[in-house]
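The structure file coords.cif is reproduced below (mmCIF, N, CA, C and O atoms).
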data_upload
#
loop_
_atom_site.label_atom_id
_atom_site.label_comp_id
_atom_site.auth_asym_id
_atom_site.auth_seq_id
_atom_site.Cartn_x
_atom_site.Cartn_y
_atom_site.Cartn_z
N MET A 128 186.96 -83.57 91.38
CA MET A 128 186.54 -82.77 92.51
C MET A 128 185.09 -82.33 92.28
O MET A 128 184.76 -81.84 91.20
N PRO A 129 184.19 -82.49 93.25
CA PRO A 129 182.79 -82.12 93.07
C PRO A 129 182.62 -80.61 92.92
O PRO A 129 183.39 -79.82 93.46
N LYS A 130 181.61 -80.28 92.15
CA LYS A 130 181.30 -78.88 91.92
C LYS A 130 180.74 -78.24 93.18
O LYS A 130 179.94 -78.86 93.89
N LYS A 131 181.17 -77.05 93.48
CA LYS A 131 180.67 -76.34 94.64
C LYS A 131 179.28 -75.79 94.32
O LYS A 131 179.07 -75.17 93.28
N LYS A 132 178.32 -76.04 95.20
CA LYS A 132 176.96 -75.57 94.98
C LYS A 132 176.88 -74.07 95.17
O LYS A 132 177.38 -73.53 96.15
N SER A 133 176.24 -73.43 94.23
CA SER A 133 176.03 -71.99 94.34
C SER A 133 174.73 -71.72 95.08
O SER A 133 173.73 -72.37 94.83
N LYS A 134 174.76 -70.77 95.97
CA LYS A 134 173.56 -70.42 96.70
C LYS A 134 172.71 -69.44 95.91
O LYS A 134 171.57 -69.19 96.25
N LYS A 135 173.27 -68.87 94.87
CA LYS A 135 172.55 -67.91 94.06
C LYS A 135 171.67 -68.64 93.05
O LYS A 135 172.10 -69.57 92.40
N LYS A 136 170.46 -68.21 92.93
CA LYS A 136 169.52 -68.83 91.99
C LYS A 136 169.82 -68.37 90.57
O LYS A 136 170.24 -67.24 90.34
N TRP A 137 169.58 -69.26 89.60
CA TRP A 137 169.82 -68.90 88.21
C TRP A 137 168.92 -67.75 87.79
O TRP A 137 169.32 -66.91 86.98
N SER A 138 167.73 -67.67 88.36
CA SER A 138 166.81 -66.60 87.97
C SER A 138 167.33 -65.23 88.42
O SER A 138 167.13 -64.23 87.73
N GLN A 139 168.02 -65.19 89.55
CA GLN A 139 168.62 -63.93 89.99
C GLN A 139 169.75 -63.54 89.07
O GLN A 139 169.93 -62.36 88.76
N ASP A 140 170.51 -64.51 88.60
CA ASP A 140 171.57 -64.24 87.64
C ASP A 140 171.00 -63.67 86.35
O ASP A 140 171.55 -62.73 85.77
N VAL A 141 169.89 -64.21 85.89
CA VAL A 141 169.22 -63.69 84.69
C VAL A 141 168.79 -62.25 84.93
O VAL A 141 169.03 -61.38 84.10
N THR A 142 168.20 -62.00 86.08
CA THR A 142 167.74 -60.65 86.40
C THR A 142 168.90 -59.67 86.44
O THR A 142 168.81 -58.55 85.95
N ASP A 143 170.03 -60.08 87.01
CA ASP A 143 171.18 -59.20 87.17
C ASP A 143 171.97 -58.98 85.89
O ASP A 143 172.49 -57.89 85.65
N ASN A 144 172.11 -60.02 85.07
CA ASN A 144 173.08 -59.97 83.97
C ASN A 144 172.51 -60.10 82.57
O ASN A 144 173.27 -60.11 81.62
N SER A 145 171.22 -60.19 82.43
CA SER A 145 170.67 -60.38 81.09
C SER A 145 170.54 -59.05 80.36
O SER A 145 170.77 -57.98 80.93
N ASP A 146 170.14 -59.14 79.12
CA ASP A 146 169.88 -57.93 78.34
C ASP A 146 168.46 -57.43 78.55
O ASP A 146 167.91 -56.71 77.73
N ALA A 147 167.87 -57.84 79.64
CA ALA A 147 166.52 -57.39 79.96
C ALA A 147 166.56 -55.91 80.33
O ALA A 147 167.61 -55.36 80.66
N MET A 148 165.43 -55.30 80.30
CA MET A 148 165.35 -53.88 80.63
C MET A 148 165.62 -53.64 82.11
O MET A 148 165.50 -54.55 82.93
N ASP A 149 165.98 -52.42 82.44
CA ASP A 149 166.21 -52.04 83.82
C ASP A 149 164.88 -51.65 84.46
O ASP A 149 164.12 -50.86 83.88
N LEU A 150 164.61 -52.19 85.63
CA LEU A 150 163.36 -51.90 86.33
C LEU A 150 163.61 -51.04 87.55
O LEU A 150 164.69 -51.07 88.13
N LYS A 151 162.58 -50.28 87.94
CA LYS A 151 162.67 -49.55 89.19
C LYS A 151 162.71 -50.55 90.33
O LYS A 151 162.07 -51.60 90.28
N VAL A 152 163.44 -50.23 91.36
CA VAL A 152 163.53 -51.10 92.53
C VAL A 152 162.15 -51.20 93.18
O VAL A 152 161.46 -50.20 93.36
N GLY A 153 161.74 -52.42 93.48
CA GLY A 153 160.48 -52.64 94.17
C GLY A 153 159.24 -52.55 93.31
O GLY A 153 158.13 -52.48 93.84
N VAL A 154 159.40 -52.56 92.00
CA VAL A 154 158.24 -52.41 91.12
C VAL A 154 157.18 -53.47 91.37
O VAL A 154 155.99 -53.19 91.36
N PHE A 155 157.58 -54.71 91.62
CA PHE A 155 156.63 -55.79 91.81
C PHE A 155 156.06 -55.84 93.22
O PHE A 155 155.15 -56.61 93.49
N LYS A 156 156.57 -55.02 94.11
CA LYS A 156 156.07 -54.98 95.47
C LYS A 156 154.96 -53.94 95.66
O LYS A 156 154.33 -53.88 96.70
N GLN A 157 154.72 -53.14 94.64
CA GLN A 157 153.67 -52.12 94.72
C GLN A 157 152.30 -52.79 94.85
O GLN A 157 152.08 -53.87 94.32
N ARG A 158 151.38 -52.14 95.52
CA ARG A 158 150.05 -52.71 95.74
C ARG A 158 149.12 -52.49 94.57
O ARG A 158 148.18 -53.24 94.37
N SER A 159 149.36 -51.47 93.78
CA SER A 159 148.46 -51.11 92.69
C SER A 159 148.89 -51.77 91.38
O SER A 159 150.02 -51.61 90.93
N ALA A 160 147.94 -52.48 90.75
CA ALA A 160 148.22 -53.10 89.45
C ALA A 160 148.54 -52.03 88.41
O ALA A 160 149.41 -52.22 87.56
N LYS A 161 147.86 -50.91 88.49
CA LYS A 161 148.08 -49.80 87.53
C LYS A 161 149.50 -49.25 87.68
O LYS A 161 150.17 -48.99 86.68
N LYS A 162 149.96 -49.09 88.91
CA LYS A 162 151.31 -48.57 89.13
C LYS A 162 152.38 -49.54 88.63
O LYS A 162 153.38 -49.13 88.06
N ILE A 163 152.14 -50.83 88.83
CA ILE A 163 153.08 -51.84 88.32
C ILE A 163 153.14 -51.76 86.81
O ILE A 163 154.21 -51.71 86.22
N ALA A 164 151.97 -51.73 86.17
CA ALA A 164 151.91 -51.67 84.71
C ALA A 164 152.55 -50.39 84.17
O ALA A 164 153.32 -50.44 83.20
N ASP A 165 152.27 -49.27 84.80
CA ASP A 165 152.84 -47.99 84.34
C ASP A 165 154.36 -47.99 84.46
O ASP A 165 155.07 -47.49 83.58
N SER A 166 154.87 -48.55 85.56
CA SER A 166 156.31 -48.61 85.75
C SER A 166 156.98 -49.53 84.72
O SER A 166 158.02 -49.19 84.16
N LEU A 167 156.36 -50.69 84.47
CA LEU A 167 156.90 -51.60 83.46
C LEU A 167 156.88 -50.97 82.07
O LEU A 167 157.84 -51.10 81.31
N LYS A 168 155.81 -50.26 81.77
CA LYS A 168 155.71 -49.60 80.46
C LYS A 168 156.81 -48.55 80.31
O LYS A 168 157.49 -48.49 79.28
N ALA A 169 156.98 -47.73 81.32
CA ALA A 169 158.01 -46.68 81.27
C ALA A 169 159.40 -47.30 81.12
O ALA A 169 160.21 -46.83 80.30
N SER A 170 159.68 -48.34 81.87
CA SER A 170 160.99 -49.01 81.79
C SER A 170 161.21 -49.61 80.40
O SER A 170 162.30 -49.52 79.84
N ALA A 171 160.17 -50.23 79.85
CA ALA A 171 160.30 -50.87 78.54
C ALA A 171 160.53 -49.84 77.45
O ALA A 171 161.32 -50.05 76.53
N GLU A 172 159.84 -48.71 77.54
CA GLU A 172 159.99 -47.68 76.51
C GLU A 172 161.33 -46.95 76.61
O GLU A 172 161.85 -46.49 75.60
N GLN A 173 161.90 -46.88 77.79
CA GLN A 173 163.17 -46.19 77.98
C GLN A 173 164.38 -47.08 77.72
O GLN A 173 165.48 -46.57 77.50
N SER A 174 164.18 -48.37 77.73
CA SER A 174 165.30 -49.31 77.66
C SER A 174 165.92 -49.35 76.26
O SER A 174 165.22 -49.44 75.26
N ASP A 175 167.25 -49.32 76.25
CA ASP A 175 167.99 -49.49 74.99
C ASP A 175 168.45 -50.94 74.84
O ASP A 175 168.96 -51.32 73.81
N ARG A 176 168.25 -51.74 75.89
CA ARG A 176 168.77 -53.10 75.89
C ARG A 176 167.74 -54.15 75.50
O ARG A 176 168.07 -55.31 75.38
N ARG A 177 166.50 -53.76 75.32
CA ARG A 177 165.48 -54.76 75.00
C ARG A 177 165.63 -55.22 73.56
O ARG A 177 166.10 -54.49 72.70
N LYS A 178 165.21 -56.46 73.31
CA LYS A 178 165.33 -57.04 71.98
C LYS A 178 163.99 -57.11 71.27
O LYS A 178 163.93 -57.26 70.07
N ALA A 179 162.90 -56.99 72.01
CA ALA A 179 161.56 -57.09 71.44
C ALA A 179 160.87 -55.72 71.55
O ALA A 179 161.47 -54.74 71.98
N SER A 180 159.59 -55.69 71.21
CA SER A 180 158.82 -54.44 71.34
C SER A 180 158.67 -54.10 72.82
O SER A 180 158.80 -54.97 73.69
N PRO A 181 158.37 -52.83 73.12
CA PRO A 181 158.18 -52.46 74.53
C PRO A 181 157.09 -53.30 75.21
O PRO A 181 157.26 -53.72 76.35
N PHE A 182 155.98 -53.56 74.51
CA PHE A 182 154.91 -54.36 75.10
C PHE A 182 155.40 -55.77 75.42
O PHE A 182 155.18 -56.28 76.52
N GLN A 183 156.06 -56.41 74.47
CA GLN A 183 156.55 -57.78 74.68
C GLN A 183 157.56 -57.83 75.82
O GLN A 183 157.55 -58.75 76.63
N SER A 184 158.43 -56.85 75.88
CA SER A 184 159.44 -56.82 76.94
C SER A 184 158.81 -56.66 78.31
O SER A 184 159.18 -57.35 79.27
N ALA A 185 157.86 -55.73 78.42
CA ALA A 185 157.21 -55.48 79.70
C ALA A 185 156.40 -56.71 80.15
O ALA A 185 156.48 -57.12 81.32
N MET A 186 155.65 -57.30 79.24
CA MET A 186 154.84 -58.47 79.58
C MET A 186 155.74 -59.66 79.93
O MET A 186 155.45 -60.41 80.87
N SER A 187 156.83 -59.81 79.21
CA SER A 187 157.77 -60.90 79.51
C SER A 187 158.37 -60.76 80.90
O SER A 187 158.51 -61.74 81.62
N MET A 188 158.71 -59.54 81.27
CA MET A 188 159.30 -59.31 82.60
C MET A 188 158.27 -59.61 83.69
O MET A 188 158.61 -60.22 84.71
N LEU A 189 157.03 -59.22 83.46
CA LEU A 189 155.98 -59.50 84.44
C LEU A 189 155.74 -61.00 84.56
O LEU A 189 155.67 -61.55 85.66
N ASN A 190 155.67 -61.69 83.44
CA ASN A 190 155.49 -63.15 83.46
C ASN A 190 156.68 -63.85 84.09
O ASN A 190 156.51 -64.83 84.82
N PHE A 191 157.88 -63.38 83.82
CA PHE A 191 159.08 -63.95 84.42
C PHE A 191 158.99 -63.86 85.95
O PHE A 191 159.24 -64.83 86.66
N TYR A 192 158.59 -62.70 86.44
CA TYR A 192 158.47 -62.53 87.89
C TYR A 192 157.42 -63.47 88.47
O TYR A 192 157.66 -64.14 89.48
N ILE A 193 156.26 -63.53 87.83
CA ILE A 193 155.18 -64.40 88.32
C ILE A 193 155.63 -65.86 88.32
O ILE A 193 155.42 -66.59 89.29
N ASN A 194 156.24 -66.29 87.24
CA ASN A 194 156.67 -67.69 87.14
C ASN A 194 157.77 -68.03 88.14
O ASN A 194 157.79 -69.13 88.69
N ARG A 195 158.69 -67.13 88.37
CA ARG A 195 159.79 -67.41 89.30
C ARG A 195 159.31 -67.35 90.74
O ARG A 195 159.79 -68.09 91.59
N ALA A 196 158.38 -66.45 91.05
CA ALA A 196 157.88 -66.36 92.43
C ALA A 196 156.96 -67.54 92.73
O ALA A 196 156.94 -68.04 93.86
N GLY A 197 156.22 -67.97 91.74
CA GLY A 197 155.41 -69.17 91.82
C GLY A 197 154.59 -69.33 93.07
O GLY A 197 153.74 -68.51 93.38
N LYS A 198 154.83 -70.41 93.78
CA LYS A 198 154.03 -70.77 94.95
C LYS A 198 154.28 -69.83 96.13
O LYS A 198 153.55 -69.88 97.12
N GLN A 199 155.28 -69.01 96.04
CA GLN A 199 155.58 -68.06 97.12
C GLN A 199 154.56 -66.92 97.17
O GLN A 199 154.44 -66.24 98.18
N LEU A 200 153.85 -66.69 96.06
CA LEU A 200 152.89 -65.58 95.99
C LEU A 200 151.57 -65.96 96.66
O LEU A 200 151.05 -67.05 96.45
N SER A 201 151.03 -65.01 97.41
CA SER A 201 149.70 -65.22 97.99
C SER A 201 148.67 -65.08 96.86
O SER A 201 148.96 -64.54 95.78
N LYS A 202 147.46 -65.54 97.11
CA LYS A 202 146.41 -65.44 96.10
C LYS A 202 146.10 -63.99 95.77
O LYS A 202 145.89 -63.64 94.61
N SER A 203 146.11 -63.13 96.78
CA SER A 203 145.81 -61.72 96.53
C SER A 203 146.93 -61.05 95.74
O SER A 203 146.68 -60.21 94.87
N ARG A 204 148.18 -61.44 96.02
CA ARG A 204 149.31 -60.87 95.29
C ARG A 204 149.29 -61.32 93.83
O ARG A 204 149.52 -60.54 92.93
N LEU A 205 148.99 -62.59 93.62
CA LEU A 205 148.89 -63.11 92.26
C LEU A 205 147.76 -62.43 91.50
O LEU A 205 147.91 -62.10 90.32
N ALA A 206 146.65 -62.18 92.18
CA ALA A 206 145.52 -61.48 91.54
C ALA A 206 145.93 -60.07 91.13
O ALA A 206 145.58 -59.61 90.03
N THR A 207 146.69 -59.39 91.98
CA THR A 207 147.17 -58.04 91.64
C THR A 207 148.07 -58.09 90.42
O THR A 207 147.95 -57.26 89.52
N LEU A 208 148.97 -59.06 90.38
CA LEU A 208 149.88 -59.17 89.24
C LEU A 208 149.14 -59.55 87.96
O LEU A 208 149.48 -59.07 86.88
N ASP A 209 148.10 -60.36 88.07
CA ASP A 209 147.27 -60.68 86.90
C ASP A 209 146.52 -59.44 86.42
O ASP A 209 146.37 -59.23 85.21
N ARG A 210 146.04 -58.63 87.35
CA ARG A 210 145.39 -57.37 86.95
C ARG A 210 146.41 -56.43 86.29
O ARG A 210 146.07 -55.68 85.37
N ALA A 211 147.66 -56.50 86.73
CA ALA A 211 148.70 -55.67 86.12
C ALA A 211 148.90 -56.05 84.66
O ALA A 211 149.19 -55.19 83.82
N LYS A 212 148.72 -57.33 84.33
CA LYS A 212 148.81 -57.75 82.92
C LYS A 212 147.74 -57.05 82.09
O LYS A 212 148.01 -56.55 80.99
N ASP A 213 146.50 -57.02 82.62
CA ASP A 213 145.42 -56.35 81.89
C ASP A 213 145.68 -54.85 81.78
O ASP A 213 145.42 -54.24 80.75
N GLU A 214 146.19 -54.25 82.86
CA GLU A 214 146.53 -52.83 82.82
C GLU A 214 147.62 -52.55 81.79
O GLU A 214 147.57 -51.55 81.08
N LEU A 215 148.57 -53.44 81.71
CA LEU A 215 149.66 -53.30 80.74
C LEU A 215 149.11 -53.37 79.32
O LEU A 215 149.49 -52.59 78.45
N ARG A 216 148.20 -54.31 79.10
CA ARG A 216 147.56 -54.41 77.78
C ARG A 216 146.83 -53.12 77.43
O ARG A 216 146.94 -52.61 76.32
N LYS A 217 146.09 -52.56 78.40
CA LYS A 217 145.37 -51.30 78.18
C LYS A 217 146.36 -50.17 77.87
O LYS A 217 146.11 -49.36 76.97
N ASP A 218 147.45 -50.11 78.63
CA ASP A 218 148.46 -49.06 78.43
C ASP A 218 149.03 -49.07 77.02
O ASP A 218 149.41 -48.03 76.49
N PHE A 219 149.11 -50.24 76.42
CA PHE A 219 149.66 -50.36 75.07
C PHE A 219 148.57 -50.44 74.01
O PHE A 219 148.84 -50.80 72.86
N GLY A 220 147.32 -50.14 74.39
CA GLY A 220 146.23 -50.10 73.43
C GLY A 220 145.75 -51.45 72.96
O GLY A 220 145.21 -51.58 71.86
N LYS A 221 145.91 -52.45 73.78
CA LYS A 221 145.46 -53.80 73.43
C LYS A 221 144.27 -54.18 74.30
O LYS A 221 144.04 -53.59 75.34
N GLN A 222 143.52 -55.18 73.87
CA GLN A 222 142.34 -55.65 74.60
C GLN A 222 142.77 -56.43 75.84
O GLN A 222 143.57 -57.36 75.73
N PRO A 223 142.21 -56.09 77.02
CA PRO A 223 142.48 -56.90 78.21
C PRO A 223 141.86 -58.29 78.06
O PRO A 223 140.85 -58.45 77.39
N LYS A 224 142.47 -59.28 78.67
CA LYS A 224 141.97 -60.65 78.59
C LYS A 224 140.76 -60.86 79.50
O LYS A 224 139.91 -61.68 79.22
N HIS A 225 140.71 -60.18 80.64
CA HIS A 225 139.63 -60.41 81.62
C HIS A 225 138.61 -59.30 81.55
O HIS A 225 138.83 -58.18 81.50
#
Kindly present the structure from the file in structure tokens form.
Amino acid sequence: MPKKKSKKKWSQDVTDNSDAMDLKVGVFKQRSAKKIADSLKASAEQSDRRKASPFQSAMSMLNFYINRAGKQLSKSRLATLDRAKDELRKDFGKQPKH
């Protein structure tokens, strides 16, 4: 018997059921790169479920979102998320890349 196709994406399953940190709803929809970075930092530092350092967890979650959204992101949205990476680096006392 053929396997029934699931309409749910594997990435949504990862987001829902992984040991990743809990994020505020709509964190990636915010317009400010600083607000995105601050929210990710707070979530990473509060999380008991993360396996890596708070910085690694926050950056991984941001990269996961960017990679999964991929071509769906506008150039301006992608630029905001890239600036959020630099803001996140600053928040954790690291050198920004740009």
Atom N of Ser159 in chain A to atom O of Lys178 in chain A measures 28.4 Å
Using the chain letters and numbers from the file, which residues does the PyMOL selection byres (((chain A and resi 152 and name CA) around 12) and name CA) grab, as a ChimeraX atom specification? /A:149-151,153-157,163,166-167,170
Pull N, CA, C and O atoms from the residues just selected and write them as a tab-separated table (two decimals), in the frame of the given file.
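New file selection-v2.tsv:
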chain	number	residue	atom	x	y	z
A	149	ASP	N	165.98	-52.42	82.44
A	149	ASP	CA	166.21	-52.04	83.82
A	149	ASP	C	164.88	-51.65	84.46
A	149	ASP	O	164.12	-50.86	83.88
A	150	LEU	N	164.61	-52.19	85.63
A	150	LEU	CA	163.36	-51.90	86.33
A	150	LEU	C	163.61	-51.04	87.55
A	150	LEU	O	164.69	-51.07	88.13
A	151	LYS	N	162.58	-50.28	87.94
A	151	LYS	CA	162.67	-49.55	89.19
A	151	LYS	C	162.71	-50.55	90.33
A	151	LYS	O	162.07	-51.60	90.28
A	153	GLY	N	161.74	-52.42	93.48
A	153	GLY	CA	160.48	-52.64	94.17
A	153	GLY	C	159.24	-52.55	93.31
A	153	GLY	O	158.13	-52.48	93.84
A	154	VAL	N	159.40	-52.56	92.00
A	154	VAL	CA	158.24	-52.41	91.12
A	154	VAL	C	157.18	-53.47	91.37
A	154	VAL	O	155.99	-53.19	91.36
A	155	PHE	N	157.58	-54.71	91.62
A	155	PHE	CA	156.63	-55.79	91.81
A	155	PHE	C	156.06	-55.84	93.22
A	155	PHE	O	155.15	-56.61	93.49
A	156	LYS	N	156.57	-55.02	94.11
A	156	LYS	CA	156.07	-54.98	95.47
A	156	LYS	C	154.96	-53.94	95.66
A	156	LYS	O	154.33	-53.88	96.70
A	157	GLN	N	154.72	-53.14	94.64
A	157	GLN	CA	153.67	-52.12	94.72
A	157	GLN	C	152.30	-52.79	94.85
A	157	GLN	O	152.08	-53.87	94.32
A	163	ILE	N	152.14	-50.83	88.83
A	163	ILE	CA	153.08	-51.84	88.32
A	163	ILE	C	153.14	-51.76	86.81
A	163	ILE	O	154.21	-51.71	86.22
A	166	SER	N	154.87	-48.55	85.56
A	166	SER	CA	156.31	-48.61	85.75
A	166	SER	C	156.98	-49.53	84.72
A	166	SER	O	158.02	-49.19	84.16
A	167	LEU	N	156.36	-50.69	84.47
A	167	LEU	CA	156.90	-51.60	83.46
A	167	LEU	C	156.88	-50.97	82.07
A	167	LEU	O	157.84	-51.10	81.31
A	170	SER	N	159.68	-48.34	81.87
A	170	SER	CA	160.99	-49.01	81.79
A	170	SER	C	161.21	-49.61	80.40
A	170	SER	O	162.30	-49.52	79.84
Secondary structure check, alpha helix (DSSP H) residues of range 133-208 of chain A, as a PyMOL selection string: chain A and resi 137-144+160-173+181-196+202-208
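Taking CA of Arg158 in chain A and CA of Phe191 in chain A as the two end points, the separation is 18.3 Å.
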Quick one: residues within 8 Å of Glu172 in chain A, only N, CA, C and O atoms, excluding same-chain residues fewer than 6 positions away - as a ChimeraX atom specification? /A:149,165-166,180-182,185
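Omitting Leu208 in chain A and its sequence neighbours fewer than 3 positions away, and counting only N, CA, C and O atoms, the residues within 8 Å are Phe155, Gln157, Arg158, Ser159, Ala160, Ala164, Leu189, Asn190, Ile193, Ser201, Lys202, Ser203, Arg204, Leu205, Ala211, Lys212, Asp213, Glu214 and Leu215 of chain A.
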Would you write out those residues with N, CA, C and O atoms, as a compact mmCIF listing (two decimals), keeping the file's coordinate frame?
# COMPACT_ATOMS: atom_id res chain seq x y z
N PHE A 155 157.58 -54.71 91.62
CA PHE A 155 156.63 -55.79 91.81
C PHE A 155 156.06 -55.84 93.22
O PHE A 155 155.15 -56.61 93.49
N GLN A 157 154.72 -53.14 94.64
CA GLN A 157 153.67 -52.12 94.72
C GLN A 157 152.30 -52.79 94.85
O GLN A 157 152.08 -53.87 94.32
N ARG A 158 151.38 -52.14 95.52
CA ARG A 158 150.05 -52.71 95.74
C ARG A 158 149.12 -52.49 94.57
O ARG A 158 148.18 -53.24 94.37
N SER A 159 149.36 -51.47 93.78
CA SER A 159 148.46 -51.11 92.69
C SER A 159 148.89 -51.77 91.38
O SER A 159 150.02 -51.61 90.93
N ALA A 160 147.94 -52.48 90.75
CA ALA A 160 148.22 -53.10 89.45
C ALA A 160 148.54 -52.03 88.41
O ALA A 160 149.41 -52.22 87.56
N ALA A 164 151.97 -51.73 86.17
CA ALA A 164 151.91 -51.67 84.71
C ALA A 164 152.55 -50.39 84.17
O ALA A 164 153.32 -50.44 83.20
N LEU A 189 157.03 -59.22 83.46
CA LEU A 189 155.98 -59.50 84.44
C LEU A 189 155.74 -61.00 84.56
O LEU A 189 155.67 -61.55 85.66
N ASN A 190 155.67 -61.69 83.44
CA ASN A 190 155.49 -63.15 83.46
C ASN A 190 156.68 -63.85 84.09
O ASN A 190 156.51 -64.83 84.82
N ILE A 193 156.26 -63.53 87.83
CA ILE A 193 155.18 -64.40 88.32
C ILE A 193 155.63 -65.86 88.32
O ILE A 193 155.42 -66.59 89.29
N SER A 201 151.03 -65.01 97.41
CA SER A 201 149.70 -65.22 97.99
C SER A 201 148.67 -65.08 96.86
O SER A 201 148.96 -64.54 95.78
N LYS A 202 147.46 -65.54 97.11
CA LYS A 202 146.41 -65.44 96.10
C LYS A 202 146.10 -63.99 95.77
O LYS A 202 145.89 -63.64 94.61
N SER A 203 146.11 -63.13 96.78
CA SER A 203 145.81 -61.72 96.53
C SER A 203 146.93 -61.05 95.74
O SER A 203 146.68 -60.21 94.87
N ARG A 204 148.18 -61.44 96.02
CA ARG A 204 149.31 -60.87 95.29
C ARG A 204 149.29 -61.32 93.83
O ARG A 204 149.52 -60.54 92.93
N LEU A 205 148.99 -62.59 93.62
CA LEU A 205 148.89 -63.11 92.26
C LEU A 205 147.76 -62.43 91.50
O LEU A 205 147.91 -62.10 90.32
N ALA A 211 147.66 -56.50 86.73
CA ALA A 211 148.70 -55.67 86.12
C ALA A 211 148.90 -56.05 84.66
O ALA A 211 149.19 -55.19 83.82
N LYS A 212 148.72 -57.33 84.33
CA LYS A 212 148.81 -57.75 82.92
C LYS A 212 147.74 -57.05 82.09
O LYS A 212 148.01 -56.55 80.99
N ASP A 213 146.50 -57.02 82.62
CA ASP A 213 145.42 -56.35 81.89
C ASP A 213 145.68 -54.85 81.78
O ASP A 213 145.42 -54.24 80.75
N GLU A 214 146.19 -54.25 82.86
CA GLU A 214 146.53 -52.83 82.82
C GLU A 214 147.62 -52.55 81.79
O GLU A 214 147.57 -51.55 81.08
N LEU A 215 148.57 -53.44 81.71
CA LEU A 215 149.66 -53.30 80.74
C LEU A 215 149.11 -53.37 79.32
O LEU A 215 149.49 -52.59 78.45
Counting only C-alpha atoms, the residue of A:Asp175, A:Gly220, A:Asp209, A:Ala169 that sits nearest Tyr192 in chain A: A:Asp209
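Proximity of A:Ala206, A:Leu200, A:Ala171, A:Met186 to Met148 in chain A, computed with all atoms listed in the file, is greatest for A:Ala171.
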